[in-house]
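Engineer: Have a look at this one.
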Amino acid sequence: MDNKNLKGWLYLLPAFLFLGIFMIYPLIDVFVYSFEEGYNSASQTFSGTGLYNYSYVLHDPYFLQAVQNTLLLVGITVPLSTGLALLISVALSSIKPLRNLFQTVYFLPYVTNTLAVGLVFMILFKKTPYSDGLVNLLIQTFGGDSVDFIGGPYWAKMFVLCFYTVWVVMPFKILILTSALASVSQTYYNAARVDGTPRWRIFTRITLPMISPMVFYLVITGFIGAFKAYSDAVALFGTDLNASEMNTIVGYVYDMLYGDSGGYPSYASAAAIILFAIVLTITCINLLVSKKHVHY
Amino acid sequence: MSQKTNYQKIEKRARAGKIISNIILYTLLTLWGLIVLFPFYWMLLTSVKSYGSYNAEHVPSFFTLSPTLQNYVDAFTTVSLGKYLLNTLLFTLSTTAIMLAVITLAAFAFARLDFRGKHLMFTMFLSLMMIPNELVVITNFTTITNLGMRNTFLGLILPSVTSVFYIYLLKENFAQIPDELYYAAKVDGTSDLRYLRRVMIPICKPTLITILILKIIECWNSYVWPRLITDNPDYYLVSNGIQEIRENGFGRENIPAMMAAVVVISVPLIVLFLIFRRKVMAGVARGGTKG
Amino acid sequence: MKILLQNLTKKFPGRGKKSSSEVIAVNNFTFEIPDGKLVGLLGPSGCGKSTALNLICGLLKPTDGKIFFGEDDVTNLPPEHRGVGLVFQNYALYPHLTVLKNITFPLENLRGADKLSREEMEKRALEAAKLVQLEGLMDRKPSELSGGQQQRVAIARALVKSPKVLLLDEPLSNLDARLRLQTREEIRRIQRQTGVTTVFVTHDQEEAMSISDMIVVMKEGVAQQIGRPQEVYDEPVNLFVAKFLGTPPINIFRGQVSGGRLYIGEEAVLALEGTTDREVTVGIRPEGFIPREDGPLTCHMTRVEVMGRDISVVSTHPCSATVSIRSIINAESMVDPDARTVRFSIKPHKLYLFDSETGERIPFTARVC
C-alpha cells in the first residue's frame, strides 16, 4: 500500500516540483510583495507593510494611461473581432468552392510571430521623412490627409493597435466559430427552408442560439486575452511604451519590474493583482450573463 | 395561367437572389483574405527590394523588377539572426521535450494510478489553471535572478516546462482508455512504465501531437519571459532578436533587411503549418487559446 | 392537391475526385399521387426514397424531369413557395425553443398579406397541437419530451401552416416498437382528419402496408411497383418486390418448368400452362403451404413453432435458395413435430414464377392436376 502511494507521487513529482516553484510559491509571493512598502531590490529589504503600493500604482499617471489604453483596446477589439469572425465564419460556411483555401489563409496569422509581423504593420502605417507609407498613400488617394499612425496622434496609434490586435486574434475565432457552425445539423436549416424562413431569421433564431455557447466562450477568452495585451503594442511601438502613450496594464507591470524604469517588484505586483481582480470581475460578469442567454 | 407566371417570377427571383448573395459572400471573403495576406506579401516584397531603391521610393511600389537577395545575406551577417534562430530552435525543442515528459508522467499518475491525496491534488491542479502568467512572472523573475540563471538556457526553459492545462487535456484522454487494457497488461506482467510507453502513449498520440503543436507555436512566439531573463544577445530568441534588430540593428532604418529577418523568422512555422494543416487546425480548435 | 412526378431523375456527382462515376439516386421516376391519399415510399436503405421525398419538397433540384402540384409546374420552385410540410427523421426540433415556439415558427415567417397576429399564431398552434394531442405540453423544451411526443411536435409544426402536401421522412424509425405501432395509427388518423395529401418514406414494409392507401416500392432509384398495398403483395411484378414485402418473407426455390409442370427438384409441384419450358425462380408465400400426407413437396422438418392462432413450420429443402423454409399454417391442421419429413401441397395463387435471370414475373395459369 505504501509502495503504491509512493509510486503515484513519484510520477507526479516533476510536475509538482515545477508548479510549486514557478506557480504556487510565486502566487503567494506576489501578494506578499504587493504589501511590502519601500522594497529595495538591491538589498532585498523593505521598510514596512501596507497598501501604499496599491495607492502609488493607482495614482501613477502611467498606470492610469495603461488602464485607459487597455480598456479602450478591450472595448473595441472584443466586440469587433467577435462580430467580424461571426460574419466571416457564416460566409465561409455558406460556400463550398474555395472554402478550404480561405480557411487556410485565414489561419495564417495564428502561426506567425507577433513581434515580427508587427514590424510589417509598423512599416505599412508609419510615416517617415522618406515616405508616407502605404496606408497613408491609400488615404491620400481617397482624398484624405496623411497621418503618422505610429508616432502621431493618440487616436491614430490606438487605431493601429486595435487593427493589429483584431488581425492577430481573428484566426482563432474564425476557427472556433466555423467548427461550431459545422456542428449545427443541416436538418435544422432544411426544416427552416421548407418553412420559408428568411436568411436573417435563420441566423438570429436558429444559428445564433445554437452556437451561443461557443460565442460566449470566445467573448470570455477574448476579454481575458485583450486585457493581457502587451506584445502587439511592443511590436508596433517599440519597448518604450510609456513614451508613446501606448502602454498596457501588462506592459506597465513589466516596465515596473525590469527595463529602464524597472526595479520595483512591489509596484509591479500591486499592478498585476489589480489586473487580475479586473479580469476576474469581468469574467464573472460574463459568466453570469452567459448563463442567462445560453440555452443549454 | 396567372398562377404559372407568378411561379416563374418566384423562380427567377430565387435564382437572382442566390447569385447576388454568392457575389456578396465571395467579395467579403476575398476582402478579408487580402487583409490577411497583404502583410505577408508586403514583407516578402520589401525583403527583396534593395536598400537604395526602397529608400528612393517616396510612393511605395507594389512590385519590384530587380529583386535582390542581398538583404537576406545582410540579415545573417550584419546581425546574429542565425544565432537567434538556433537559440529559438534549441529553446523550443528542449522546452517541448521536457514538458511532454513531465506532463505525461503527471497525467498518467492522475489517470491510472491510485494513491492517497490524488483527488485533492487534482482539484488543486485544476484551480491553478485560472492563474494568469502575469501574476507569477514577477516572482519567477526574482527567483531566476537570485539563482544566477539569467542569460542561461536553464533560466529560459525551466518556468515553462509544465502546463496544468495540458496535463488536464492528456489526463482526460488517458482516462478514456478502458481499464481492461491495464488489467490485461498487469496479468501479462507488464510494468506501469512499459504499459504507459507501449499502450497509453500510442493510443493517445493525437492528443500528444496536438499538445506538441501548440507548445511549439507558443515557444516560437514567446517574447515576454525571454525579454525579462536575457539581456545578452547571445541568448536572444527570435522575438527579442527582432526587437533588438529594430532598435539597434542594421544601422538606421534598413527596412528591407529587417523584413528579410522577419521573413526568415516567419517561414519555419508557416511551413510547419502548411504541412500539418489539418492537425494544427484541429489541435488549436481543441486546446488553443490566443485572442 | 394532386402530385405528378414526371420522368424524375436525380444524379449526384461521384465520391471519387477523378472518377466520372455519378450516383443515380432517382432514375426516371414517374408517378401520380392522387389528392388526399396517404402514400408510402418503400424500399431498402439507399434506394433513393429519401431523395425522392427531398425532390418533392424542393430541398433538392432534379437533374431531369418535372414535378407538378395540381396543374402547376413546381420543378424549380424553392421549397418555401411549394406549401409543403416536412417532418424530418430526427424531427429537427429547435432545441432552444419551447413546443409552442417550435410550432409557431413557420407562421412567423409569413409576411405581407399573410402576416398573422401573435394571438392568431397561438390559436393555430393550439389547433395543431390539439390535432396531435399535445395540448398540455406547450411550454416544454423538446429535450423534456419523450420520443413520441417530439414526433408529434414535428407533425404539428409541419401541419400548422396548412400545407397542401405533408411529407414524412422515416417518421417512425426513431421510436421504440410499441410507440411505433401507436404512432402509425396516429399518422393515419391525422391524415384522415386533415385530408392532406401525404407522402411518407419508410424501409419497414409492415409500416407502409398497414397505413398507406398506396405504396411505391423502390430499388436503386427505380420505382419497381406502384399500387394498393394488398395488390402489390398479391401480384408482385418481380422477385425483388416479392421478397421485400411480407413477414415472414417469401420462400424462394430453384425450379423448372417442363412439359406443363413445375418441378422443384424431382417433384412436380404444380400443373400449369401459359409458359414455355425453362429454368425459373419460384416464390411461395408462407401462407401458401397446406400440409398434406400426399402433398407433392417433401421437406425435411426442422421444428414447429407454435404462435397461438397459427403454427409455423420450419423446414429445409435441397432446392431452397434460402437456409430454411418457413410456412404459416392454421393451428388446427395436424403436423407431427417429431416427423422427419413434412409434405405440402401449394395454393396456386400464393406461388409466383420469376425469370431466373432477370427476376421478372412470369405469368401462368394453374391447371388442376
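Going through the C-alpha cells in order, the chains are called A, B, and so on, while each chain numbers its residues from 1 and the ligands are numbered from 1 in the order shown.
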Might you pull out every residue within 6 Å of A:Phe35, with only C-alpha atoms counted and same-chain residues fewer than 5 positions away left off, and present them as a list of chain:residue names?
Structural biologist: A:Thr49, A:Gly50, A:Leu51
Engineer: Hey, which bits of chain A sit within 6 Å of chain C, and for each residue what's the closest pair of atoms and how far apart in Å (one decimal), counting only C-alpha atoms, rows by chain and increasing number, as CSV?
Structural biologist:
```
residue,atom,partner,partner_atom,distance
A:Thr187,CA,C:Ala92,CA,5.9
A:Tyr188,CA,C:Ala92,CA,5.3
A:Val194,CA,C:Glu80,CA,4.9
A:Asp195,CA,C:Pro106,CA,5.1
A:Gly196,CA,C:Glu80,CA,4.0
A:Thr197,CA,C:Asn109,CA,5.4
A:His295,CA,C:His96,CA,5.7
```
Engineer: Would you save the residues of that selection, restricted to C-alpha atoms, as a PDB file, in the first residue's frame?
Structural biologist:
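Okay, selection32.pdb is ready:
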```pdb
ATOM      1  CA  THR A 187     -31.694  19.291 -40.964  1.00  0.00           C
ATOM      2  CA  TYR A 188     -32.436  22.411 -38.902  1.00  0.00           C
ATOM      3  CA  VAL A 194     -39.173  24.359 -46.047  1.00  0.00           C
ATOM      4  CA  ASP A 195     -40.925  26.837 -43.768  1.00  0.00           C
ATOM      5  CA  GLY A 196     -39.648  29.698 -45.907  1.00  0.00           C
ATOM      6  CA  THR A 197     -37.588  31.279 -43.151  1.00  0.00           C
ATOM      7  CA  HIS A 295     -29.828  27.922 -23.895  1.00  0.00           C
TER       8      HIS A 295
END
```
Engineer: Which polymer residues have any atom within 12 Å of an atom of B:Leu272, counting only C-alpha atoms, with same-chain residues fewer than 3 positions away left out, as a list in words?
Structural biologist: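 Listed by chain and then number, they are Leu108, Val111 and Thr112 of chain A; Ile213, Leu214, Ile216, Ile217, Trp220, Ser266, Val267, Pro268, Leu269, Ile275, Phe276, Arg277, Arg278, Lys279, Val280 and Met281 of chain B.
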Engineer: Atoms to include: N, CA and C atoms. Write the selected residues as a short mmCIF file (atom, residue, chain, number, x, y, z; two decimals), in the first residue's frame.
Structural biologist:
```
data_model
loop_
_atom_site.label_atom_id
_atom_site.label_comp_id
_atom_site.auth_asym_id
_atom_site.auth_seq_id
_atom_site.Cartn_x
_atom_site.Cartn_y
_atom_site.Cartn_z
N LEU A 108 -3.45 31.77 -41.13
CA LEU A 108 -2.02 32.12 -41.14
C LEU A 108 -1.56 33.02 -39.98
N VAL A 111 -0.09 31.40 -36.80
CA VAL A 111 1.21 30.75 -36.72
C VAL A 111 2.36 31.71 -37.02
N THR A 112 2.11 33.00 -36.84
CA THR A 112 3.21 33.93 -37.09
C THR A 112 3.69 34.51 -35.77
N ILE B 213 2.16 20.51 -31.05
CA ILE B 213 2.00 21.62 -31.99
C ILE B 213 1.76 22.94 -31.26
N LEU B 214 0.83 22.88 -30.29
CA LEU B 214 0.50 24.11 -29.58
C LEU B 214 1.72 24.65 -28.85
N ILE B 216 4.89 24.16 -29.55
CA ILE B 216 5.90 24.69 -30.48
C ILE B 216 5.53 26.10 -30.91
N ILE B 217 4.26 26.29 -31.25
CA ILE B 217 3.82 27.64 -31.65
C ILE B 217 4.07 28.63 -30.52
N TRP B 220 7.88 29.33 -30.07
CA TRP B 220 8.45 30.10 -31.16
C TRP B 220 8.07 31.57 -31.04
N SER B 266 9.49 34.05 -39.83
CA SER B 266 8.11 33.59 -40.02
C SER B 266 8.03 32.28 -40.78
N VAL B 267 9.00 32.04 -41.65
CA VAL B 267 8.89 30.88 -42.54
C VAL B 267 8.77 29.52 -41.82
N PRO B 268 9.61 29.23 -40.80
CA PRO B 268 9.54 27.88 -40.24
C PRO B 268 8.14 27.48 -39.78
N LEU B 269 7.48 28.36 -39.02
CA LEU B 269 6.16 28.00 -38.50
C LEU B 269 5.14 27.88 -39.63
N ILE B 275 2.32 22.10 -43.88
CA ILE B 275 2.47 20.64 -44.00
C ILE B 275 1.42 19.92 -43.14
N PHE B 276 1.27 20.39 -41.89
CA PHE B 276 0.36 19.69 -40.97
C PHE B 276 -0.93 20.49 -40.79
N ARG B 277 -1.44 21.03 -41.88
CA ARG B 277 -2.57 21.96 -41.80
C ARG B 277 -3.73 21.42 -40.96
N ARG B 278 -4.18 20.21 -41.32
CA ARG B 278 -5.34 19.66 -40.63
C ARG B 278 -5.08 19.44 -39.15
N LYS B 279 -3.92 18.86 -38.87
CA LYS B 279 -3.58 18.56 -37.47
C LYS B 279 -3.48 19.83 -36.64
N VAL B 280 -2.83 20.85 -37.23
CA VAL B 280 -2.66 22.10 -36.49
C VAL B 280 -4.02 22.72 -36.20
N MET B 281 -4.88 22.78 -37.23
CA MET B 281 -6.17 23.45 -37.02
C MET B 281 -7.04 22.66 -36.05
#
```
Engineer: With a distance cut-off of 9 Å and only C-alpha atoms, select the neighbouring residues of stretch 124-137 of chain C, excluding the residue or stretch itself and same-chain residues fewer than 2 positions from it, and output the selection as a list in words.
Structural biologist: Val99, Leu100, Lys101, Ile103, Thr104, Leu107, Glu119, Glu120, Met121, Glu122, Asp139, Arg140, Lys141, Leu145, Gln149, Arg152, Val153, Ile155, Ala156, Arg157, Leu159, Val160, Lys161, Glu186, Ile187, Ile190 and Gln193 of chain C
Engineer: Residues as selected, N, CA and C atoms, written as a short mmCIF file (atom, residue, chain, number, x, y, z; two decimals), in the first residue's frame, can you do that?
Structural biologist:
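Produced file out.cif, reproduced below:
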```cif
data_model
loop_
_atom_site.label_atom_id
_atom_site.label_comp_id
_atom_site.auth_asym_id
_atom_site.auth_seq_id
_atom_site.Cartn_x
_atom_site.Cartn_y
_atom_site.Cartn_z
N VAL C 99 -42.14 24.07 -27.13
CA VAL C 99 -43.03 23.40 -28.08
C VAL C 99 -43.86 24.43 -28.83
N LEU C 100 -44.43 25.38 -28.08
CA LEU C 100 -45.27 26.41 -28.71
C LEU C 100 -44.47 27.20 -29.74
N LYS C 101 -43.27 27.63 -29.35
CA LYS C 101 -42.43 28.42 -30.25
C LYS C 101 -42.02 27.60 -31.48
N ILE C 103 -43.79 25.27 -32.83
CA ILE C 103 -44.94 25.12 -33.73
C ILE C 103 -45.27 26.44 -34.43
N THR C 104 -45.09 27.57 -33.71
CA THR C 104 -45.42 28.85 -34.36
C THR C 104 -44.32 29.31 -35.30
N LEU C 107 -45.11 29.96 -38.87
CA LEU C 107 -46.10 31.03 -39.06
C LEU C 107 -45.45 32.40 -38.99
N GLU C 119 -51.77 36.42 -31.42
CA GLU C 119 -52.89 35.63 -30.92
C GLU C 119 -53.31 34.58 -31.95
N GLU C 120 -53.35 35.05 -33.22
CA GLU C 120 -53.77 34.16 -34.29
C GLU C 120 -52.80 32.98 -34.41
N MET C 121 -51.50 33.31 -34.31
CA MET C 121 -50.49 32.26 -34.39
C MET C 121 -50.69 31.24 -33.29
N GLU C 122 -50.89 31.75 -32.05
CA GLU C 122 -51.02 30.84 -30.93
C GLU C 122 -52.29 30.01 -31.05
N ASP C 139 -45.36 24.48 -23.11
CA ASP C 139 -44.25 25.28 -22.57
C ASP C 139 -42.98 24.49 -22.35
N ARG C 140 -43.00 23.20 -22.72
CA ARG C 140 -41.80 22.40 -22.51
C ARG C 140 -40.79 22.63 -23.62
N LYS C 141 -39.54 22.29 -23.30
CA LYS C 141 -38.49 22.27 -24.34
C LYS C 141 -38.45 20.86 -24.93
N LEU C 145 -39.26 16.14 -23.63
CA LEU C 145 -40.34 15.32 -24.17
C LEU C 145 -39.84 13.92 -24.51
N GLN C 149 -43.58 12.10 -28.25
CA GLN C 149 -44.10 13.47 -28.14
C GLN C 149 -43.35 14.40 -29.09
N ARG C 152 -44.68 14.08 -32.44
CA ARG C 152 -45.95 14.76 -32.66
C ARG C 152 -45.77 16.27 -32.75
N VAL C 153 -44.79 16.82 -32.03
CA VAL C 153 -44.49 18.24 -32.19
C VAL C 153 -44.06 18.50 -33.63
N ILE C 155 -44.84 16.88 -36.27
CA ILE C 155 -46.00 16.81 -37.17
C ILE C 155 -46.85 18.08 -37.04
N ALA C 156 -47.03 18.51 -35.79
CA ALA C 156 -47.82 19.72 -35.59
C ALA C 156 -47.16 20.90 -36.28
N ARG C 157 -45.83 20.96 -36.19
CA ARG C 157 -45.13 22.07 -36.82
C ARG C 157 -45.29 22.04 -38.34
N LEU C 159 -47.87 20.77 -39.87
CA LEU C 159 -49.27 20.96 -40.24
C LEU C 159 -49.78 22.37 -40.00
N VAL C 160 -49.08 23.13 -39.15
CA VAL C 160 -49.66 24.37 -38.65
C VAL C 160 -49.88 25.38 -39.77
N LYS C 161 -49.08 25.32 -40.83
CA LYS C 161 -49.28 26.29 -41.89
C LYS C 161 -50.22 25.74 -42.97
N GLU C 186 -51.76 6.89 -35.39
CA GLU C 186 -51.93 8.32 -35.20
C GLU C 186 -51.76 9.07 -36.53
N ILE C 187 -50.72 8.69 -37.27
CA ILE C 187 -50.48 9.35 -38.55
C ILE C 187 -51.66 9.14 -39.49
N ILE C 190 -54.53 11.37 -38.29
CA ILE C 190 -54.32 12.79 -38.60
C ILE C 190 -54.51 13.03 -40.09
N GLN C 193 -58.17 13.01 -40.86
CA GLN C 193 -58.85 14.16 -40.30
C GLN C 193 -58.58 15.42 -41.12
#
```
Engineer: Name the residues of stretch 65-256 of chain A that come out as alpha helix (DSSP H) in a backbone DSSP run; write them as a CSV table (one decimal) with C-alpha atoms, in the first residue's frame.
Structural biologist:
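Written output follows (out.csv):
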```
chain,number,residue,atom,x,y,z
A,65,GLN,CA,-2.8,55.7,-19.1
A,66,ALA,CA,-2.2,52.0,-19.3
A,67,VAL,CA,-5.7,51.2,-17.9
A,68,GLN,CA,-7.3,53.6,-20.3
A,69,ASN,CA,-5.5,52.1,-23.2
A,70,THR,CA,-6.3,48.6,-22.1
A,71,LEU,CA,-10.0,49.3,-21.6
A,72,LEU,CA,-10.2,51.0,-25.0
A,73,LEU,CA,-8.5,48.1,-26.6
A,74,VAL,CA,-10.8,45.6,-24.9
A,75,GLY,CA,-13.9,47.6,-25.6
A,76,ILE,CA,-13.1,48.0,-29.2
A,77,THR,CA,-11.4,44.7,-30.3
A,78,VAL,CA,-13.5,42.1,-28.5
A,79,PRO,CA,-16.9,43.0,-29.9
A,80,LEU,CA,-15.4,43.9,-33.3
A,81,SER,CA,-13.3,40.8,-33.7
A,82,THR,CA,-16.1,38.5,-32.5
A,83,GLY,CA,-18.7,40.1,-34.7
A,84,LEU,CA,-16.4,40.1,-37.7
A,85,ALA,CA,-15.4,36.5,-37.1
A,86,LEU,CA,-19.0,35.5,-36.9
A,87,LEU,CA,-19.7,37.2,-40.2
A,88,ILE,CA,-16.8,35.6,-41.9
A,89,SER,CA,-17.5,32.2,-40.4
A,90,VAL,CA,-21.1,32.3,-41.5
A,91,ALA,CA,-20.0,33.4,-45.0
A,92,LEU,CA,-17.4,30.6,-45.0
A,93,SER,CA,-20.0,28.0,-44.0
A,99,ARG,CA,-13.6,27.1,-48.7
A,100,ASN,CA,-10.5,25.2,-47.7
A,101,LEU,CA,-8.3,27.7,-49.3
A,102,PHE,CA,-9.9,30.6,-47.5
A,103,GLN,CA,-9.8,28.7,-44.2
A,104,THR,CA,-6.1,28.1,-44.6
A,105,VAL,CA,-5.3,31.7,-45.5
A,106,TYR,CA,-7.4,33.0,-42.6
A,107,PHE,CA,-5.5,30.8,-40.1
A,114,THR,CA,3.6,38.6,-33.2
A,115,LEU,CA,6.7,40.7,-32.9
A,116,ALA,CA,7.9,40.0,-36.3
A,117,VAL,CA,4.7,40.6,-38.2
A,118,GLY,CA,4.1,43.7,-36.1
A,119,LEU,CA,7.1,45.2,-37.8
A,120,VAL,CA,5.4,44.8,-41.1
A,121,PHE,CA,2.3,46.6,-39.8
A,122,MET,CA,4.6,49.3,-38.5
A,123,ILE,CA,6.2,50.0,-41.9
A,124,LEU,CA,2.8,49.9,-43.5
A,125,PHE,CA,1.4,52.5,-41.2
A,134,LEU,CA,1.4,52.6,-47.9
A,135,VAL,CA,-1.7,53.2,-45.8
A,136,ASN,CA,-1.2,57.0,-46.0
A,137,LEU,CA,-0.8,56.6,-49.7
A,138,LEU,CA,-4.2,54.9,-49.8
A,139,ILE,CA,-5.7,57.6,-47.6
A,140,GLN,CA,-4.3,60.3,-49.9
A,141,THR,CA,-5.7,58.5,-53.0
A,154,TYR,CA,-3.3,59.2,-29.9
A,155,TRP,CA,-6.4,58.1,-31.9
A,156,ALA,CA,-4.3,57.0,-34.8
A,157,LYS,CA,-2.0,54.9,-32.7
A,158,MET,CA,-4.9,53.4,-30.9
A,159,PHE,CA,-6.4,52.6,-34.3
A,160,VAL,CA,-3.3,50.7,-35.5
A,161,LEU,CA,-3.1,48.8,-32.2
A,162,CYS,CA,-6.7,47.7,-32.4
A,163,PHE,CA,-6.4,46.9,-36.1
A,164,TYR,CA,-3.3,44.7,-35.4
A,165,THR,CA,-4.9,43.0,-32.4
A,166,VAL,CA,-8.0,42.1,-34.4
A,167,TRP,CA,-5.8,40.8,-37.2
A,168,VAL,CA,-3.9,38.6,-34.7
A,169,VAL,CA,-7.0,37.2,-32.9
A,170,MET,CA,-9.2,36.5,-35.8
A,171,PRO,CA,-7.8,33.1,-36.8
A,172,PHE,CA,-8.7,31.5,-33.5
A,173,LYS,CA,-12.2,33.0,-33.5
A,174,ILE,CA,-12.9,32.0,-37.1
A,175,LEU,CA,-11.6,28.5,-36.5
A,176,ILE,CA,-13.8,28.0,-33.4
A,177,LEU,CA,-16.9,29.5,-35.0
A,178,THR,CA,-16.6,27.6,-38.2
A,179,SER,CA,-16.3,24.3,-36.3
A,180,ALA,CA,-19.3,25.4,-34.1
A,181,LEU,CA,-21.3,26.2,-37.2
A,182,ALA,CA,-20.3,22.9,-38.8
A,186,GLN,CA,-28.1,20.5,-41.6
A,187,THR,CA,-31.7,19.3,-41.0
A,188,TYR,CA,-32.4,22.4,-38.9
A,189,TYR,CA,-31.6,24.5,-41.9
A,190,ASN,CA,-33.6,22.3,-44.2
A,191,ALA,CA,-36.6,22.5,-41.8
A,192,ALA,CA,-36.3,26.3,-41.8
A,193,ARG,CA,-36.0,26.4,-45.5
A,194,VAL,CA,-39.2,24.4,-46.0
A,199,ARG,CA,-31.9,34.1,-44.1
A,200,TRP,CA,-31.6,36.7,-41.4
A,201,ARG,CA,-34.2,35.0,-39.3
A,208,LEU,CA,-27.0,32.1,-33.2
A,209,PRO,CA,-28.8,30.3,-30.4
A,210,MET,CA,-27.3,27.0,-31.4
A,211,ILE,CA,-23.7,28.3,-31.4
A,212,SER,CA,-24.3,30.7,-28.5
A,213,PRO,CA,-22.1,28.6,-26.1
A,214,MET,CA,-19.2,29.0,-28.4
A,215,VAL,CA,-19.8,32.7,-29.0
A,216,PHE,CA,-19.8,33.3,-25.2
A,217,TYR,CA,-16.7,31.2,-24.8
A,218,LEU,CA,-15.0,33.4,-27.4
A,219,VAL,CA,-16.2,36.5,-25.7
A,220,ILE,CA,-14.8,35.4,-22.4
A,221,THR,CA,-11.4,34.3,-23.7
A,222,GLY,CA,-11.4,37.4,-25.9
A,223,PHE,CA,-11.8,39.6,-22.8
A,224,ILE,CA,-9.1,37.8,-20.9
A,225,GLY,CA,-6.7,37.9,-23.8
A,226,ALA,CA,-7.3,41.5,-24.7
A,227,PHE,CA,-6.7,42.5,-21.0
A,231,SER,CA,3.4,42.2,-27.2
A,232,ASP,CA,1.2,43.6,-30.0
A,233,ALA,CA,1.9,47.0,-28.7
A,234,VAL,CA,5.6,46.4,-28.3
A,235,ALA,CA,5.7,45.1,-31.9
A,236,LEU,CA,4.2,48.3,-33.2
A,237,PHE,CA,5.6,51.0,-30.9
A,249,ILE,CA,-1.5,47.2,-17.9
A,250,VAL,CA,0.7,44.2,-18.5
A,251,GLY,CA,3.3,46.4,-20.1
A,252,TYR,CA,3.2,48.6,-17.0
A,253,VAL,CA,3.8,45.5,-14.8
A,254,TYR,CA,6.8,44.5,-16.9
A,255,ASP,CA,8.2,48.1,-17.0
A,256,MET,CA,8.0,48.3,-13.3
```
Engineer: Would you kindly return, as a VMD selection string, each protein, DNA or RNA residue with an atom no farther than 9 Å from any atom of B:Lys215, considering only C-alpha atoms and excluding same-chain residues fewer than 2 positions away?
Structural biologist: chain B and resid 92 95 to 96 99 210 to 213 217 to 220
Engineer: Pick the closest to chain C from B:Ile10, B:Ile167, B:Leu196, B:Leu128: which is it, counting only C-alpha atoms?
Structural biologist: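 Looking only at the distances to chain C, the closest residue turns out to be B:Ile10.
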